[in-house]
Each structure stands twice: as structure tokens, then as C-alpha cells.
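A.B. asks: One structure, as C-alpha cells, below. Some questions next.
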Amino acid sequence: MRLDRFICKHSAYGHQQAKRLVASGRVAVNGETVTDLRAQIDRFMCVELNGQRLQQQQAHYLMLNKPAGYLSATSDPQHSTVLELLPPELRTDLHLAGRLDRATTGLLLLTNDGVWSRRITAPEQKIPKLYHVTTAEPIHPEAEACFAAGVWLAREGVTTSPARLERISACEAHLTIYEGRHHQVKRMFAAVNNQVVLLHREAMGSIRLDPALAAGQYRPLTATELKQG
């Protein structure tokens with residue numbers, strides 16, 4: 001929102017008065033005097049008029065090491081949710097930037113910034129998601145080529161985008177996918193007659209799970225991670 005329109009919306013001043021207030025240097029944004037009427041204001045900027053604060057809201061960008069058994073949801077009447085792993089004062093307005101199945105563990109991102117979360121979860125962005133997969137049976141030699149070609153998902157009537165499979169051992173692999181369809185990894189392995197027994201997300205884009213975070217622990221993203229997301 002333009003600064004002059006923001007002043008009108010958050011004060012008793014009309015449009016012409018707001019213009020004069022801005023032009024006379026009586027408006028500060030993030031501690032700096034701003035005289036450009038066209039300056040864009042978002043919900044996380046601190047805006048002051050004549051020394052009185054009109055808006056101040058802190059943006060939160062959190063990395064959580066999700067344990068198994070928690071729902072990727074903000075609330076649920078039956079099951080524990082990942083928000084319950086955070087202190088109450090942090091839970092307000094937070095949402096999940098990419099979900100994980102209840103049994104899946106690993107990197108989960110939470111924020112109150114909808115613009116940022118849409119940027120890293122929008123399908124057209126094709127953000128890579130890296131998983132550590134453990135299977136019930138040895139991974140078939142043809143799985144790598146099958147995943148690279150795409151797997152047909154009958155429920156949606158689509159073929160998955162090319163995915164990269166890197167073997168670690170007979171029953172372990174790293175899998176990189178570029179979508180987030182329902183139970184996608186499990187369904188891809190079912191297509192090659194195998195079952196996923198453990199699934200752990202290690203990275204989204206360039207944001208990697210901090211190895212220092214134990215299951216259930218969280219920390220804010222660094223400035224570098226925010227730019228990478």
C-alpha cells in the first residue's frame with residue numbers, strides 16, 4: 001500500500017492532509033523519515049506519524065525439526081499439531097510453508113508472512129525438496145530411471161515432474177522432488193513395488209535442516225536463509 005493511502009487508512013486524516021504530513025517529514029518508516037508519497041508499506045514495517053506508532057508487527061520465519069506423530073496443521077480437535085511445539089506467544093498468525101505427513105519428520109517452515117510462504121510453495125516455482133527415504137525392500141535398479149521419467153498418479157490424473165533418486169544403501173536413498181502432492185513420495189515408491197517406512201525432509205530449496213536441532217526444536221531462519229528461500 002502506498003504511504004499516503006496507509007496514513008489515510010490508519011489515522012483520522014484525509015488524503016490531502018496525509019500528503020502534506022508525508023511531504024513535511026512527519027512520517028517515519030522503520031525509524032527513517034520518508035517523504036515519498038509512493039513509498040510502499042507492508043504489514044511488517046514500523047510506521048510512525050508525529051512520533052505516534054501506527055503499525056508495528058514482527059515478521060517470523062522459523063525452521064522446525066518436526067517429530068513423527070504431529071500434524072502439519074495450526075489446530076486439530078484430536079491430534080497434536082506442530083504449533084504446540086512452539087511457545088504460545090509465537091503461535092499467533094503463524095502458518096505452514098509446506099506441509100509434512102503426520103509420520104514424516106524433518107524440515108518444516110513456519111511464518112506469518114504470506115508473501116514469502118507463497119514464493120517458496122507455489123507449484124510454478126518448482127522449489128526442490130530433498131528427502132531421506134528408507135524403504136521396506138531393496139530399491140529396484142529401475143527406480144532411478146522411473147522417477148526421472150515421472151510417475152503416473154491416477155488420483156490426480158497427472159505425471160510427476162522428473163525427480164532425482166540417489167542411492168545411499170540397498171534400502172536408503174535421497175530423493176529430490178519438485179512438487180508436494182498428497183503422499184507423493186510414498187506413492188512414487190509404491191509404483192516401483194516398494195514401501196516407505198521412514199521419510200525425513202532435509203531441505204527445501206537452499207534451506208537445509210539445521211543438524212543442531214533435535215526433534216521438536218526450532219529456531220529463526222538466518223538472513224542468508226531468508227534470501228535463499
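Following the order of the C-alpha cells, first chain is A, next is B, and so on, with residues numbered from 1 inside each chain and ligands from 1 in the order they appear.
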For the structure I just gave you, how does DSSP split stretch 118-224 of chain A - specifically, which residues are strand (DSSP E)? Reply as a PyMOL selection string.

C.D. replies: chain A and resi 129-135+152-153+158-159+164-169+172-177+196-204+207-208+218-220

A.B. asks: For N, CA and C atoms, I'd like the residues from the last selection saved as a compact mmCIF listing (two decimals), in the first residue's frame.

C.D. replies:
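Everything below was put into again35.txt:
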```txt
# COMPACT_ATOMS: atom_id res chain seq x y z
N LYS A 129 12.70 -30.20 -3.14
CA LYS A 129 12.54 -30.68 -1.76
C LYS A 129 13.31 -31.99 -1.65
N LEU A 130 14.25 -32.02 -0.71
CA LEU A 130 15.13 -33.17 -0.56
C LEU A 130 14.69 -34.03 0.63
N TYR A 131 14.49 -35.33 0.37
CA TYR A 131 14.06 -36.27 1.40
C TYR A 131 15.07 -37.41 1.54
N HIS A 132 15.20 -37.86 2.78
CA HIS A 132 15.93 -39.11 3.08
C HIS A 132 14.86 -40.18 3.24
N VAL A 133 14.92 -41.18 2.37
CA VAL A 133 13.88 -42.21 2.33
C VAL A 133 14.46 -43.56 2.76
N THR A 134 13.74 -44.26 3.63
CA THR A 134 14.08 -45.64 4.00
C THR A 134 12.92 -46.53 3.57
N THR A 135 13.24 -47.60 2.86
CA THR A 135 12.20 -48.46 2.30
C THR A 135 12.19 -49.84 2.95
N TRP A 152 3.12 -41.82 -12.95
CA TRP A 152 1.70 -41.51 -13.16
C TRP A 152 0.94 -41.62 -11.85
N LEU A 153 0.22 -40.57 -11.47
CA LEU A 153 -0.62 -40.57 -10.28
C LEU A 153 -2.07 -40.57 -10.73
N VAL A 158 -2.21 -37.08 -13.33
CA VAL A 158 -1.02 -36.35 -13.77
C VAL A 158 0.21 -37.24 -13.61
N THR A 159 1.26 -36.85 -14.32
CA THR A 159 2.56 -37.49 -14.16
C THR A 159 3.46 -36.54 -13.37
N ARG A 164 14.91 -36.79 -8.81
CA ARG A 164 16.26 -37.35 -8.78
C ARG A 164 16.41 -38.28 -7.58
N LEU A 165 16.77 -39.54 -7.85
CA LEU A 165 16.98 -40.54 -6.81
C LEU A 165 18.47 -40.84 -6.71
N GLU A 166 19.02 -40.75 -5.50
CA GLU A 166 20.44 -41.04 -5.24
C GLU A 166 20.52 -42.09 -4.14
N ARG A 167 21.00 -43.26 -4.48
CA ARG A 167 21.06 -44.36 -3.52
C ARG A 167 22.11 -44.09 -2.43
N ILE A 168 21.75 -44.48 -1.21
CA ILE A 168 22.68 -44.44 -0.09
C ILE A 168 23.08 -45.86 0.29
N SER A 169 22.10 -46.73 0.33
CA SER A 169 22.31 -48.16 0.60
C SER A 169 21.18 -48.91 -0.08
N GLU A 172 18.00 -47.35 1.36
CA GLU A 172 18.01 -45.94 1.68
C GLU A 172 18.40 -45.13 0.46
N ALA A 173 17.81 -43.94 0.36
CA ALA A 173 18.13 -43.07 -0.77
C ALA A 173 17.78 -41.64 -0.43
N HIS A 174 18.39 -40.71 -1.17
CA HIS A 174 17.95 -39.32 -1.18
C HIS A 174 17.07 -39.14 -2.41
N LEU A 175 15.93 -38.49 -2.21
CA LEU A 175 15.02 -38.23 -3.32
C LEU A 175 14.72 -36.74 -3.35
N THR A 176 14.90 -36.13 -4.53
CA THR A 176 14.58 -34.72 -4.72
C THR A 176 13.37 -34.62 -5.64
N ILE A 177 12.32 -33.99 -5.13
CA ILE A 177 11.11 -33.78 -5.94
C ILE A 177 10.84 -32.28 -6.04
N VAL A 196 7.59 -47.12 1.70
CA VAL A 196 8.39 -46.19 2.50
C VAL A 196 8.09 -46.45 3.98
N VAL A 197 9.13 -46.71 4.75
CA VAL A 197 8.94 -46.94 6.19
C VAL A 197 9.39 -45.75 7.02
N LEU A 198 10.31 -44.95 6.49
CA LEU A 198 10.75 -43.73 7.17
C LEU A 198 10.95 -42.66 6.11
N LEU A 199 10.47 -41.44 6.41
CA LEU A 199 10.61 -40.34 5.47
C LEU A 199 10.99 -39.08 6.25
N HIS A 200 12.09 -38.46 5.83
CA HIS A 200 12.64 -37.31 6.56
C HIS A 200 13.03 -36.23 5.56
N ARG A 201 12.44 -35.03 5.70
CA ARG A 201 12.79 -33.95 4.79
C ARG A 201 14.03 -33.21 5.30
N GLU A 202 15.01 -33.10 4.43
CA GLU A 202 16.28 -32.47 4.80
C GLU A 202 16.42 -31.04 4.30
N ALA A 203 15.72 -30.71 3.21
CA ALA A 203 15.91 -29.36 2.65
C ALA A 203 14.71 -28.96 1.81
N MET A 204 14.49 -27.64 1.74
CA MET A 204 13.56 -27.02 0.80
C MET A 204 14.33 -25.92 0.10
N ILE A 207 17.39 -24.00 1.73
CA ILE A 207 17.28 -24.03 3.19
C ILE A 207 17.37 -25.47 3.67
N ARG A 208 18.42 -25.78 4.41
CA ARG A 208 18.64 -27.13 4.91
C ARG A 208 18.35 -27.20 6.40
N TYR A 218 13.17 -25.73 17.36
CA TYR A 218 13.04 -24.77 16.27
C TYR A 218 14.03 -23.63 16.48
N ARG A 219 14.22 -22.85 15.43
CA ARG A 219 15.00 -21.61 15.53
C ARG A 219 14.57 -20.69 14.39
N PRO A 220 14.82 -19.37 14.53
CA PRO A 220 14.53 -18.45 13.43
C PRO A 220 15.47 -18.71 12.26
```

A.B. asks: Which residues are near A:Tyr61? Cut-off 6 Å, only C-alpha atoms, ignore same chain within fewer than 5 positions. Put them as a VMD selection string.

C.D. replies: chain A and resid 110 to 111 220 to 221

A.B. asks: Can you write just those residues out, C-alpha atoms, as a PDB file, in the first residue's frame?

C.D. replies:
```pdb
ATOM      1  CA  LEU A 110       6.520 -21.634   9.614  1.00  0.00           C
ATOM      2  CA  THR A 111       5.878 -17.933   9.085  1.00  0.00           C
ATOM      3  CA  PRO A 220      14.529 -18.449  13.426  1.00  0.00           C
ATOM      4  CA  LEU A 221      15.877 -18.517   9.897  1.00  0.00           C
TER       5      LEU A 221
END
```

A.B. asks: Under the rule that only C-alpha atoms are counted, which of A:Gly114, A:Gly69, A:Pro77, A:Pro87 is the nearest residue to A:Arg102?

C.D. replies: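 When distances to A:Arg102 are compared using only C-alpha atoms, the smallest one comes from A:Gly69.
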
A.B. asks: Counting only C-alpha atoms, figure out which residue out of A:Ile7, A:Ala149, A:Ala223, A:Leu71 gets nearest to A:Asn50.

C.D. replies: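 Closest residue, counting only C-alpha atoms: A:Ile7.
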
A.B. asks: For a quick check of understanding, using only C-alpha atoms, which of A:Asn65, A:Gln17, A:Ser72, A:Gln40 has the smallest distance to A:Leu213?

C.D. replies: A:Asn65

A.B. asks: Excluding same-chain residues fewer than 5 positions from A:Gly98, what lies within 8 Å of it counting only C-alpha atoms, as a ChimeraX atom specification?

C.D. replies: /A:108-109,121,180

A.B. asks: What parts of stretch 34-216 of chain A does DSSP call alpha helix (DSSP H)? I'd like the answer as a list in words.

C.D. replies: Pro88, Glu89, Leu90, Arg91, Gly114, Val115, Trp116, Ser117, Arg118, Arg119, Ile120, Thr121, Ala143, Glu144, Ala145, Cys146, Phe147, Ala148, Ala149, Gln184, Val185, Lys186, Arg187, Met188, Phe189 and Ala190 of chain A

A.B. asks: Using only C-alpha atoms, which of A:Glu48, A:Glu89, A:Glu156, A:Asp76 sits nearest A:Arg181?

C.D. replies: A:Glu156

A.B. asks: Any idea what's packed within 7 Å of A:Met1, counting only C-alpha atoms, ignoring anything in its chain fewer than 5 positions away? Could you give it as JSON, numbers by chain?

C.D. replies: {"A": [6, 40, 41, 42]}

A.B. asks: I need the chosen residues saved as a PDB file, in the first residue's frame, with N, CA and C atoms.

C.D. replies:
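Saved as out-v3.pdb:
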```pdb
ATOM      1  N   PHE A   6      -1.832   4.604   3.197  1.00  0.00           N
ATOM      2  CA  PHE A   6      -1.699   3.963   4.509  1.00  0.00           C
ATOM      3  C   PHE A   6      -2.053   4.947   5.627  1.00  0.00           C
ATOM      4  N   GLN A  40       6.138   2.176  -0.661  1.00  0.00           N
ATOM      5  CA  GLN A  40       5.260   1.037  -0.417  1.00  0.00           C
ATOM      6  C   GLN A  40       5.419   0.532   1.020  1.00  0.00           C
ATOM      7  N   ILE A  41       4.281   0.318   1.673  1.00  0.00           N
ATOM      8  CA  ILE A  41       4.265  -0.116   3.065  1.00  0.00           C
ATOM      9  C   ILE A  41       3.695  -1.524   3.136  1.00  0.00           C
ATOM     10  N   ASP A  42       4.423  -2.431   3.805  1.00  0.00           N
ATOM     11  CA  ASP A  42       3.864  -3.759   4.047  1.00  0.00           C
ATOM     12  C   ASP A  42       3.549  -3.911   5.527  1.00  0.00           C
TER      13      ASP A  42
END
```

A.B. asks: Could you check which of A:Met63, A:Leu49, A:Leu21, A:Ala28 is closest to A:Gly216, using only C-alpha atoms?

C.D. replies: A:Met63

A.B. asks: Which of these residues is nearest to A:Asp113, using only C-alpha atoms: A:Lys126, A:His60, A:Arg187, A:Arg2?

C.D. replies: A:His60

A.B. asks: Name all residues at most 12 Å from A:Ala23 (count only C-alpha atoms; drop same-chain ones fewer than 4 positions away) and give them as a compact mmCIF listing (two decimals) with C-alpha atoms, in the first residue's frame.

C.D. replies:
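File around-v9.txt, as written:
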```
# COMPACT_ATOMS: atom_id res chain seq x y z
CA LEU A 3 2.36 5.53 2.17
CA ASP A 4 -0.20 8.31 1.71
CA GLN A 16 -4.71 15.86 1.15
CA GLN A 17 -3.74 16.11 4.81
CA ALA A 18 -1.85 12.84 4.57
CA LYS A 19 0.10 14.14 1.58
CA VAL A 27 6.23 10.29 8.92
CA ALA A 28 8.91 7.73 9.78
CA THR A 33 11.90 9.84 7.78
CA VAL A 34 10.13 9.18 4.47
CA THR A 35 8.79 11.97 2.23
CA ASP A 36 7.93 9.88 -0.84
CA LEU A 37 4.15 9.54 -1.06
CA ARG A 38 4.56 6.48 -3.28
CA ALA A 39 6.71 4.53 -0.79
```

A.B. asks: Using only C-alpha atoms, determine which residues lie at most 10 Å from A:Phe189, disregarding the query and same-chain residues fewer than 3 positions distant; provide the list as a ChimeraX atom specification.

C.D. replies: /A:133,135,139-140,143,146-147,151,184-186,192-196
